[in-house]
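Trainee: What follows is work_30.tsv, made up of TSV, C-alpha atoms and all ligand atoms:
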```tsv
chain	number	residue	atom	x	y	z
A	1	MET	CA	-167.16	28.99	-95.74
A	2	SER	CA	-169.08	30.27	-92.75
A	3	ILE	CA	-167.49	33.12	-90.80
A	4	VAL	CA	-168.23	33.28	-87.09
A	5	TYR	CA	-167.58	35.83	-84.35
A	6	ILE	CA	-165.78	34.49	-81.31
A	7	ASN	CA	-164.58	36.70	-78.46
A	8	GLY	CA	-163.76	39.74	-80.56
A	9	GLU	CA	-162.55	37.97	-83.71
A	10	PHE	CA	-164.15	37.04	-87.02
A	11	LEU	CA	-162.88	33.61	-88.06
A	12	PRO	CA	-163.77	30.73	-90.36
A	13	LEU	CA	-165.98	28.35	-88.37
A	14	GLU	CA	-163.32	25.63	-88.49
A	15	GLN	CA	-160.82	27.87	-86.71
A	16	ALA	CA	-163.10	29.04	-83.89
A	17	GLN	CA	-162.24	27.49	-80.53
A	18	VAL	CA	-163.35	27.65	-76.91
A	19	SER	CA	-161.85	26.10	-73.80
A	20	VAL	CA	-163.16	22.71	-72.63
A	21	THR	CA	-163.51	24.37	-69.21
A	22	ASP	CA	-166.06	26.82	-70.61
A	23	ARG	CA	-169.08	26.91	-68.32
A	24	GLY	CA	-171.33	26.69	-71.36
A	25	PHE	CA	-169.78	23.29	-72.16
A	26	VAL	CA	-169.55	22.08	-68.56
A	27	PHE	CA	-172.81	23.42	-67.06
A	28	GLY	CA	-174.89	24.88	-69.88
A	29	ASP	CA	-174.33	28.18	-68.04
A	30	GLY	CA	-175.30	30.71	-70.68
A	31	VAL	CA	-178.03	32.30	-72.78
A	32	TYR	CA	-178.71	32.67	-76.49
A	33	GLU	CA	-180.78	34.31	-79.19
A	34	VAL	CA	-181.79	33.35	-82.73
A	35	ILE	CA	-182.43	36.21	-85.15
A	36	PRO	CA	-183.68	35.75	-88.70
A	37	VAL	CA	-182.20	37.95	-91.43
A	38	TYR	CA	-184.17	38.98	-94.52
A	39	GLY	CA	-182.49	40.75	-97.40
A	40	GLY	CA	-179.43	41.30	-95.23
A	41	ARG	CA	-181.45	42.99	-92.45
A	42	LEU	CA	-181.70	41.63	-88.92
A	43	PHE	CA	-185.43	41.12	-88.24
A	44	ARG	CA	-186.75	42.68	-85.00
A	45	LEU	CA	-183.18	43.27	-83.85
A	46	GLU	CA	-184.13	45.70	-81.09
A	47	GLN	CA	-186.59	43.23	-79.57
A	48	HIS	CA	-184.06	40.38	-79.72
A	49	LEU	CA	-181.36	42.50	-78.08
A	50	GLN	CA	-183.79	43.56	-75.35
A	51	ARG	CA	-184.69	39.94	-74.65
A	52	LEU	CA	-181.00	39.00	-74.62
A	53	ALA	CA	-180.26	41.79	-72.12
A	54	ARG	CA	-183.11	40.50	-69.94
A	55	SER	CA	-181.88	36.88	-70.10
A	56	LEU	CA	-178.37	38.05	-69.12
A	57	ARG	CA	-179.74	40.10	-66.20
A	58	GLU	CA	-181.78	37.14	-64.98
A	59	ILE	CA	-178.70	34.87	-64.89
A	60	ARG	CA	-176.60	37.70	-63.37
A	61	LEU	CA	-174.11	37.84	-66.23
A	62	PRO	CA	-173.02	41.37	-67.16
A	63	ASP	CA	-173.64	42.10	-70.84
A	64	PRO	CA	-170.19	41.90	-72.49
A	65	LEU	CA	-171.15	44.25	-75.37
A	66	SER	CA	-173.11	47.49	-75.60
A	67	GLY	CA	-176.19	47.75	-77.81
A	68	ASN	CA	-174.12	49.45	-80.52
A	69	GLN	CA	-171.37	46.87	-80.29
A	70	TRP	CA	-173.90	44.05	-80.63
A	71	GLN	CA	-175.42	45.72	-83.63
A	72	GLN	CA	-172.06	46.16	-85.34
A	73	CYS	CA	-170.94	42.63	-84.52
A	74	LEU	CA	-174.14	41.04	-85.80
A	75	GLN	CA	-174.24	43.15	-88.94
A	76	GLU	CA	-170.65	42.21	-89.66
A	77	VAL	CA	-171.42	38.49	-89.32
A	78	VAL	CA	-174.39	38.93	-91.68
A	79	ARG	CA	-172.21	40.81	-94.17
A	80	ARG	CA	-169.34	38.34	-94.03
A	81	ASN	CA	-171.80	35.53	-94.70
A	82	GLY	CA	-173.13	37.12	-97.85
A	83	GLY	CA	-176.18	39.08	-96.66
A	84	GLY	CA	-179.50	37.84	-98.08
A	85	ASP	CA	-181.57	35.52	-95.90
A	86	GLN	CA	-179.89	33.72	-93.02
A	87	SER	CA	-180.38	32.75	-89.41
A	88	ILE	CA	-178.08	34.20	-86.75
A	89	TYR	CA	-177.41	32.24	-83.56
A	90	MET	CA	-175.66	34.09	-80.73
A	91	GLN	CA	-174.58	32.64	-77.43
A	92	ILE	CA	-173.00	34.12	-74.31
A	93	THR	CA	-171.66	31.86	-71.58
A	94	ARG	CA	-170.09	32.61	-68.20
A	95	GLY	CA	-166.73	31.76	-69.74
A	96	ALA	CA	-163.85	29.41	-68.94
A	97	ALA	CA	-163.15	28.63	-65.27
A	98	PRO	CA	-162.26	25.67	-63.03
A	99	ARG	CA	-165.39	23.61	-62.48
A	100	ASP	CA	-167.34	24.99	-59.53
A	101	HIS	CA	-171.06	25.73	-59.32
A	102	ALA	CA	-170.35	29.14	-57.74
A	103	PHE	CA	-169.82	31.99	-60.19
A	104	PRO	CA	-166.10	32.49	-60.99
A	105	LYS	CA	-164.52	35.47	-59.15
A	106	GLN	CA	-163.58	37.04	-62.45
A	107	THR	CA	-165.82	36.30	-65.37
A	108	ARG	CA	-164.74	36.68	-68.97
A	109	PRO	CA	-167.88	35.72	-70.88
A	110	THR	CA	-167.52	33.72	-74.07
A	111	VAL	CA	-169.34	35.36	-76.96
A	112	TYR	CA	-170.13	33.33	-80.07
A	113	VAL	CA	-172.15	34.32	-83.15
A	114	VAL	CA	-172.75	32.01	-86.12
A	115	SER	CA	-174.84	32.19	-89.27
A	116	SER	CA	-176.75	29.30	-90.80
A	117	PRO	CA	-179.12	28.99	-93.76
A	118	LEU	CA	-182.74	29.98	-93.21
A	119	GLN	CA	-185.09	27.34	-94.62
A	120	PRO	CA	-188.28	28.68	-96.25
A	121	MET	CA	-191.53	26.98	-95.28
A	122	ALA	CA	-192.10	23.83	-97.37
A	123	ALA	CA	-195.07	24.00	-99.76
A	124	GLU	CA	-196.39	20.81	-98.18
A	125	ILE	CA	-196.70	22.54	-94.79
A	126	GLU	CA	-198.66	25.42	-96.31
A	127	GLU	CA	-201.04	22.94	-97.91
A	128	GLN	CA	-201.35	20.31	-95.22
A	129	GLY	CA	-200.06	21.77	-91.98
A	130	VAL	CA	-198.12	19.77	-89.39
A	131	ALA	CA	-198.77	17.30	-86.59
A	132	ALA	CA	-198.13	18.03	-82.91
A	133	VAL	CA	-198.56	16.06	-79.70
A	134	THR	CA	-199.19	17.21	-76.15
A	135	LEU	CA	-196.67	16.13	-73.51
A	136	PRO	CA	-196.14	16.96	-69.82
A	137	ASP	CA	-193.84	19.99	-69.41
A	138	ILE	CA	-190.77	18.57	-67.69
A	139	ARG	CA	-188.78	21.84	-67.88
A	140	TRP	CA	-187.76	24.14	-65.02
A	141	GLN	CA	-189.58	27.11	-63.48
A	142	ARG	CA	-187.80	29.83	-65.51
A	143	CYS	CA	-188.76	29.09	-69.10
A	144	ASP	CA	-188.85	32.88	-69.66
A	145	ILE	CA	-185.03	32.89	-69.74
A	146	LYS	CA	-183.56	31.89	-73.10
A	147	ALA	CA	-181.00	29.57	-71.51
A	148	ILE	CA	-178.73	27.29	-73.54
A	149	THR	CA	-179.53	24.48	-71.07
A	150	LEU	CA	-182.06	22.74	-73.30
A	151	LEU	CA	-181.97	19.05	-72.38
A	152	PRO	CA	-185.69	18.82	-71.44
A	153	ASN	CA	-186.67	20.64	-74.66
A	154	ILE	CA	-184.49	18.26	-76.66
A	155	LEU	CA	-186.05	15.18	-75.05
A	156	LEU	CA	-189.56	16.56	-75.58
A	157	ARG	CA	-188.94	17.48	-79.23
A	158	GLN	CA	-187.44	14.04	-79.91
A	159	GLN	CA	-190.41	12.34	-78.26
A	160	ALA	CA	-192.70	14.33	-80.59
A	161	LEU	CA	-190.60	13.37	-83.64
A	162	ASP	CA	-190.65	9.72	-82.59
A	163	GLN	CA	-194.46	9.93	-82.67
A	164	GLY	CA	-194.45	11.36	-86.21
A	165	ALA	CA	-195.12	14.95	-85.07
A	166	VAL	CA	-192.99	18.07	-85.53
A	167	GLU	CA	-193.48	19.61	-82.10
A	168	ALA	CA	-194.44	18.86	-78.50
A	169	ILE	CA	-197.05	21.20	-76.96
A	170	LEU	CA	-196.33	21.32	-73.26
A	171	VAL	CA	-198.88	20.89	-70.47
A	172	ARG	CA	-198.19	22.07	-66.93
A	173	ASP	CA	-200.67	22.27	-64.05
A	174	GLY	CA	-203.67	21.98	-66.35
A	175	GLN	CA	-202.49	24.64	-68.80
A	176	VAL	CA	-200.81	24.55	-72.17
A	177	ASN	CA	-198.09	27.17	-72.33
A	178	GLU	CA	-195.97	26.74	-75.46
A	179	GLY	CA	-194.10	24.20	-77.59
A	180	ALA	CA	-190.63	22.74	-76.97
A	181	ALA	CA	-189.19	25.52	-79.18
A	182	SER	CA	-192.21	27.62	-80.16
A	183	ASN	CA	-195.08	29.70	-78.79
A	184	LEU	CA	-198.70	28.63	-79.02
A	185	PHE	CA	-201.80	30.31	-80.45
A	186	ILE	CA	-205.30	28.93	-80.84
A	187	VAL	CA	-208.24	30.30	-82.79
A	188	LYS	CA	-211.73	29.83	-81.38
A	189	ASP	CA	-214.82	31.35	-82.99
A	190	GLY	CA	-212.71	33.86	-84.93
A	191	GLU	CA	-210.69	34.98	-81.90
A	192	LEU	CA	-206.93	34.52	-81.62
A	193	ILE	CA	-205.76	33.45	-78.15
A	194	THR	CA	-202.26	32.97	-76.73
A	195	PRO	CA	-201.16	32.35	-73.13
A	196	PRO	CA	-199.97	35.44	-71.22
A	197	LYS	CA	-196.26	35.88	-70.55
A	198	GLY	CA	-194.92	34.40	-67.32
A	199	PRO	CA	-192.25	32.06	-65.97
A	200	PHE	CA	-193.49	29.05	-67.92
A	201	LEU	CA	-193.01	30.33	-71.45
A	202	LEU	CA	-190.47	32.20	-73.50
A	203	PRO	CA	-191.60	35.72	-74.45
A	204	GLY	CA	-191.38	35.02	-78.17
A	205	ILE	CA	-190.51	37.78	-80.60
A	206	THR	CA	-192.72	36.17	-83.27
A	207	ARG	CA	-195.56	35.91	-80.73
A	208	ASP	CA	-195.34	39.63	-80.00
A	209	LEU	CA	-195.26	40.52	-83.70
A	210	ILE	CA	-198.37	38.41	-84.34
A	211	LEU	CA	-200.19	40.23	-81.52
A	212	GLU	CA	-199.05	43.56	-83.01
A	213	LEU	CA	-200.29	42.56	-86.46
A	214	ALA	CA	-203.60	41.34	-85.02
A	215	ALA	CA	-204.07	44.69	-83.24
A	216	ALA	CA	-203.13	46.69	-86.35
A	217	HIS	CA	-205.55	44.73	-88.55
A	218	ASP	CA	-208.54	44.50	-86.18
A	219	ILE	CA	-208.27	40.77	-85.67
A	220	PRO	CA	-209.94	39.87	-82.36
A	221	HIS	CA	-207.24	38.63	-80.00
A	222	ARG	CA	-206.64	38.04	-76.33
A	223	GLU	CA	-203.93	36.79	-73.97
A	224	ALA	CA	-205.52	34.12	-71.78
A	225	ALA	CA	-204.72	30.78	-70.19
A	226	ILE	CA	-205.39	27.81	-72.48
A	227	SER	CA	-206.41	24.43	-71.04
A	228	PRO	CA	-205.83	21.10	-72.79
A	229	ARG	CA	-209.60	21.03	-73.36
A	230	ASP	CA	-209.49	24.49	-75.05
A	231	LEU	CA	-206.64	23.21	-77.21
A	232	GLN	CA	-208.57	20.09	-78.27
A	233	ALA	CA	-211.65	22.20	-79.08
A	234	ALA	CA	-209.74	24.90	-81.03
A	235	ASP	CA	-210.69	25.71	-84.64
A	236	GLU	CA	-207.02	26.40	-85.41
A	237	VAL	CA	-203.73	25.79	-83.58
A	238	TRP	CA	-200.52	27.62	-84.51
A	239	LEU	CA	-196.92	27.30	-83.33
A	240	THR	CA	-194.66	30.29	-83.82
A	241	SER	CA	-190.93	30.94	-83.81
A	242	SER	CA	-188.37	33.12	-85.53
A	243	THR	CA	-187.14	30.40	-87.88
A	244	ARG	CA	-190.38	28.47	-88.48
A	245	GLU	CA	-192.59	31.59	-88.50
A	246	ILE	CA	-196.22	30.42	-88.09
A	247	LEU	CA	-196.83	26.68	-88.35
A	248	PRO	CA	-200.44	25.57	-88.76
A	249	VAL	CA	-201.08	22.47	-86.64
A	250	THR	CA	-203.67	20.34	-88.39
A	251	ARG	CA	-203.26	17.11	-86.40
A	252	LEU	CA	-203.05	17.12	-82.64
A	253	ASP	CA	-202.59	13.89	-80.69
A	254	GLN	CA	-203.60	11.90	-83.81
A	255	ARG	CA	-206.86	13.86	-84.18
A	256	ARG	CA	-207.83	16.47	-86.73
A	257	VAL	CA	-207.71	20.14	-85.73
A	258	GLY	CA	-210.77	21.96	-87.15
A	259	GLU	CA	-211.19	20.75	-90.70
A	260	GLY	CA	-207.75	19.17	-90.78
A	261	LYS	CA	-206.33	21.88	-93.05
A	262	PRO	CA	-204.47	25.16	-92.40
A	263	GLY	CA	-207.22	27.57	-91.32
A	264	ALA	CA	-208.48	30.84	-92.78
A	265	LEU	CA	-207.06	33.01	-90.00
A	266	TRP	CA	-203.68	31.31	-90.31
A	267	ARG	CA	-203.68	32.12	-94.03
A	268	LYS	CA	-204.56	35.75	-93.30
A	269	MET	CA	-201.89	36.11	-90.58
A	270	MET	CA	-199.26	34.44	-92.78
A	271	GLY	CA	-200.05	37.01	-95.47
A	272	LEU	CA	-199.67	39.89	-92.99
A	273	TYR	CA	-196.45	38.39	-91.66
A	274	GLN	CA	-194.97	37.96	-95.14
A	275	ASP	CA	-196.00	41.54	-96.02
A	276	TYR	CA	-194.26	42.79	-92.88
A	277	LYS	CA	-191.10	40.83	-93.78
A	278	GLN	CA	-191.19	42.35	-97.25
A	279	ILE	CA	-191.33	45.87	-95.79
A	280	VAL	CA	-188.31	45.08	-93.60
A	281	ARG	CA	-186.45	43.64	-96.59
A	282	GLU	CA	-187.03	46.79	-98.62
A	283	ARG	CA	-186.97	49.57	-96.06
A	284	GLY	CA	-185.64	48.15	-92.81
A	285	GLU	CA	-187.40	47.76	-89.50
A	286	LEU	CA	-190.03	50.29	-88.54
A	287	PRO	CA	-189.42	51.94	-85.17
A	288	ALA	CA	-190.91	49.81	-82.35
A	289	ALA	CA	-194.36	51.02	-81.31
B	301	LIG	N1	-190.57	29.12	-76.91
B	301	LIG	C1	-189.43	28.42	-76.87
B	301	LIG	C2	-189.21	27.44	-75.77
B	301	LIG	C3	-188.45	28.63	-77.85
B	301	LIG	O1	-187.29	27.94	-77.81
B	301	LIG	C4	-188.70	29.55	-78.90
B	301	LIG	C5	-187.72	29.80	-79.96
B	301	LIG	O2	-186.75	29.11	-80.11
B	301	LIG	C6	-189.91	30.24	-78.91
B	301	LIG	C7	-190.83	30.01	-77.89
B	301	LIG	C8	-190.23	31.24	-79.99
B	301	LIG	O3	-189.52	32.43	-79.78
B	301	LIG	P1	-189.15	33.42	-80.98
B	301	LIG	O4	-190.44	33.76	-81.66
B	301	LIG	O5	-188.54	34.59	-80.31
B	301	LIG	O6	-188.23	32.68	-81.88
```
Mind turning the file's structure into structure tokens?
Ligand code: PLP
Mentor:
Amino acid sequence: MSIVYINGEFLPLEQAQVSVTDRGFVFGDGVYEVIPVYGGRLFRLEQHLQRLARSLREIRLPDPLSGNQWQQCLQEVVRRNGGGDQSIYMQITRGAAPRDHAFPKQTRPTVYVVSSPLQPMAAEIEEQGVAAVTLPDIRWQRCDIKAITLLPNILLRQQALDQGAVEAILVRDGQVNEGAASNLFIVKDGELITPPKGPFLLPGITRDLILELAAAHDIPHREAAISPRDLQAADEVWLTSSTREILPVTRLDQRRVGEGKPGALWRKMMGLYQDYKQIVRERGELPAA
């Protein structure tokens, strides 16, 4: 049975409760993180906690736990759920209060942490890649905040699924920024390119690790705006996230990407990424550069 953390207590999932007046439920007023766990170790924990702290600052919600308290809480959830490989979801909302758009006078944030299984990449994806479609980005102007308010992302992802694809790649003002729940990379003439950080994309932890690995292994790379035309002309297209790692997109808008198979640079980066995971499994996270 899954054990969750809710407002200071560790409880079986079935016993965890929040008020129906919680602003997360009523308004989607909260932020979240998803952290993969390998061999019982929280992957890139420091980076995830930094991004969480930033999201909280941006929505003006004081962080309810210190860095150490977060660490202890998360490690305890991992331990109580058997260690090994898992995916940790954590959410902080502005708490229970009578419904009013204005912030409550006294906020008691609701803190929730839950573990779920981490699915390894299917062999079929490694061999054949996945399909994606481009769609207009209908989200708000602060996609850099990891907000729980995800209705546009949900509608976009479902539209992609309805078209037989696994992800929607989002176009705004003549630029492609990211997927509905993933960051975007393209490869052109041996160079890896990803859009620079800004208000229209989430600063992905996987994205940053891929850039770090590219730098450490002399893979040409650059942060630059990507147009729909660049995307269509790319030799490789990747979508990255903590739970799906690096997905090779081999069909885009019903057309083949490159040769229609996962590309050579994707294979190389996947190898580097898996090696990095293995180091973390065995020795823990290396200090951030
Ligand atoms: N962009 C969006 C909109 C996301 O929801 C996610 C992850 O869920 C990402 C990018 C990838 O971020 P990360 O690599 O930190 O999982």
Trainee: Which one is closest to ligand LIG 301 (chain B): A:Val280, A:Ala225, A:Ala264, A:Val34? Count all atoms listed in the file.
Mentor: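 Checking each of A:Val280, A:Ala225, A:Ala264, A:Val34 against ligand LIG 301 (chain B), counting all atoms listed in the file, the winner is A:Val34.
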Trainee: How would you report the residues lying within 7 Å of ligand LIG 301 (chain B), as a CSV table (one decimal) with C-alpha atoms, keeping the file's coordinate frame, if you count only C-alpha atoms and all ligand atoms?
Mentor:
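Produced file part_17.csv, reproduced below:
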```csv
chain,number,residue,atom,x,y,z
A,34,VAL,CA,-181.8,33.4,-82.7
A,143,CYS,CA,-188.8,29.1,-69.1
A,178,GLU,CA,-196.0,26.7,-75.5
A,179,GLY,CA,-194.1,24.2,-77.6
A,180,ALA,CA,-190.6,22.7,-77.0
A,181,ALA,CA,-189.2,25.5,-79.2
A,182,SER,CA,-192.2,27.6,-80.2
A,183,ASN,CA,-195.1,29.7,-78.8
A,201,LEU,CA,-193.0,30.3,-71.4
A,202,LEU,CA,-190.5,32.2,-73.5
A,203,PRO,CA,-191.6,35.7,-74.4
A,204,GLY,CA,-191.4,35.0,-78.2
A,205,ILE,CA,-190.5,37.8,-80.6
A,206,THR,CA,-192.7,36.2,-83.3
A,207,ARG,CA,-195.6,35.9,-80.7
A,240,THR,CA,-194.7,30.3,-83.8
A,241,SER,CA,-190.9,30.9,-83.8
A,242,SER,CA,-188.4,33.1,-85.5
A,243,THR,CA,-187.1,30.4,-87.9
```
Trainee: Which value, in Å to one decimal, gives the distance between CA of Glu259 (chain A) and CA of Arg229 (chain A)?
Mentor: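 Going from CA of Glu259 (chain A) over to CA of Arg229 (chain A), I get 17.4 Å.
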Trainee: Find, counting only C-alpha atoms, the residue in A:Glu58, A:Asp63, A:Asp100, A:Glu127 that gets nearest to Pro199 (chain A).
Mentor: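 Checking each candidate against Pro199 (chain A), we get A:Glu58 as the closest.
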Trainee: Can you pull out every residue within 9 Å of region 156-163 of chain A, counting all atoms listed in the file, but drop anything in the same chain fewer than 2 positions away, and send it as a compact mmCIF listing (two decimals) with C-alpha atoms, in the frame of the given file?
Mentor:
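Wrote it out as part_16.txt, contents follow:
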```txt
# COMPACT_ATOMS: atom_id res chain seq x y z
CA ALA A 132 -198.13 18.03 -82.91
CA VAL A 133 -198.56 16.06 -79.70
CA THR A 134 -199.19 17.21 -76.15
CA LEU A 135 -196.67 16.13 -73.51
CA PRO A 136 -196.14 16.96 -69.82
CA ASP A 137 -193.84 19.99 -69.41
CA ILE A 138 -190.77 18.57 -67.69
CA LEU A 151 -181.97 19.05 -72.38
CA PRO A 152 -185.69 18.82 -71.44
CA ASN A 153 -186.67 20.64 -74.66
CA ILE A 154 -184.49 18.26 -76.66
CA ALA A 165 -195.12 14.95 -85.07
CA VAL A 166 -192.99 18.07 -85.53
CA GLU A 167 -193.48 19.61 -82.10
CA ALA A 168 -194.44 18.86 -78.50
CA ILE A 169 -197.05 21.20 -76.96
CA LEU A 170 -196.33 21.32 -73.26
CA GLY A 179 -194.10 24.20 -77.59
CA ALA A 180 -190.63 22.74 -76.97
CA ALA A 181 -189.19 25.52 -79.18
```
Trainee: What is the CA of Tyr38 (chain A) to CA of Pro220 (chain A) distance in Å?
Mentor: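 Distance reported for this atom pair: 28.5 Å.
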Trainee: Grab the CA of Gly82 (chain A) to CA of Ile35 (chain A) distance for me, in Å with one decimal place.
Mentor: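 Pair CA of Gly82 (chain A) / CA of Ile35 (chain A) returns 15.8 Å.
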Trainee: With distances taken over all atoms listed in the file, which of A:Pro109, A:Ile6, A:Ala122, A:Arg255 is nearest to Leu74 (chain A)?
Mentor: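 The closest residue to Leu74 (chain A) is A:Ile6.
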Trainee: Tell me, as a VMD selection string, which residues lie within 12 Å of Pro64 (chain A), counting all atoms listed in the file; anything in the same chain fewer than 3 positions away does not count.
Mentor: chain A and resid 7 to 8 52 to 53 56 to 57 60 to 61 67 to 70 91 to 95 107 to 112
Trainee: Taking only C-alpha atoms into account, which of A:Leu265, A:Ala96, A:Val257, A:Ile145 comes nearest Arg54 (chain A)?
Mentor: A:Ile145
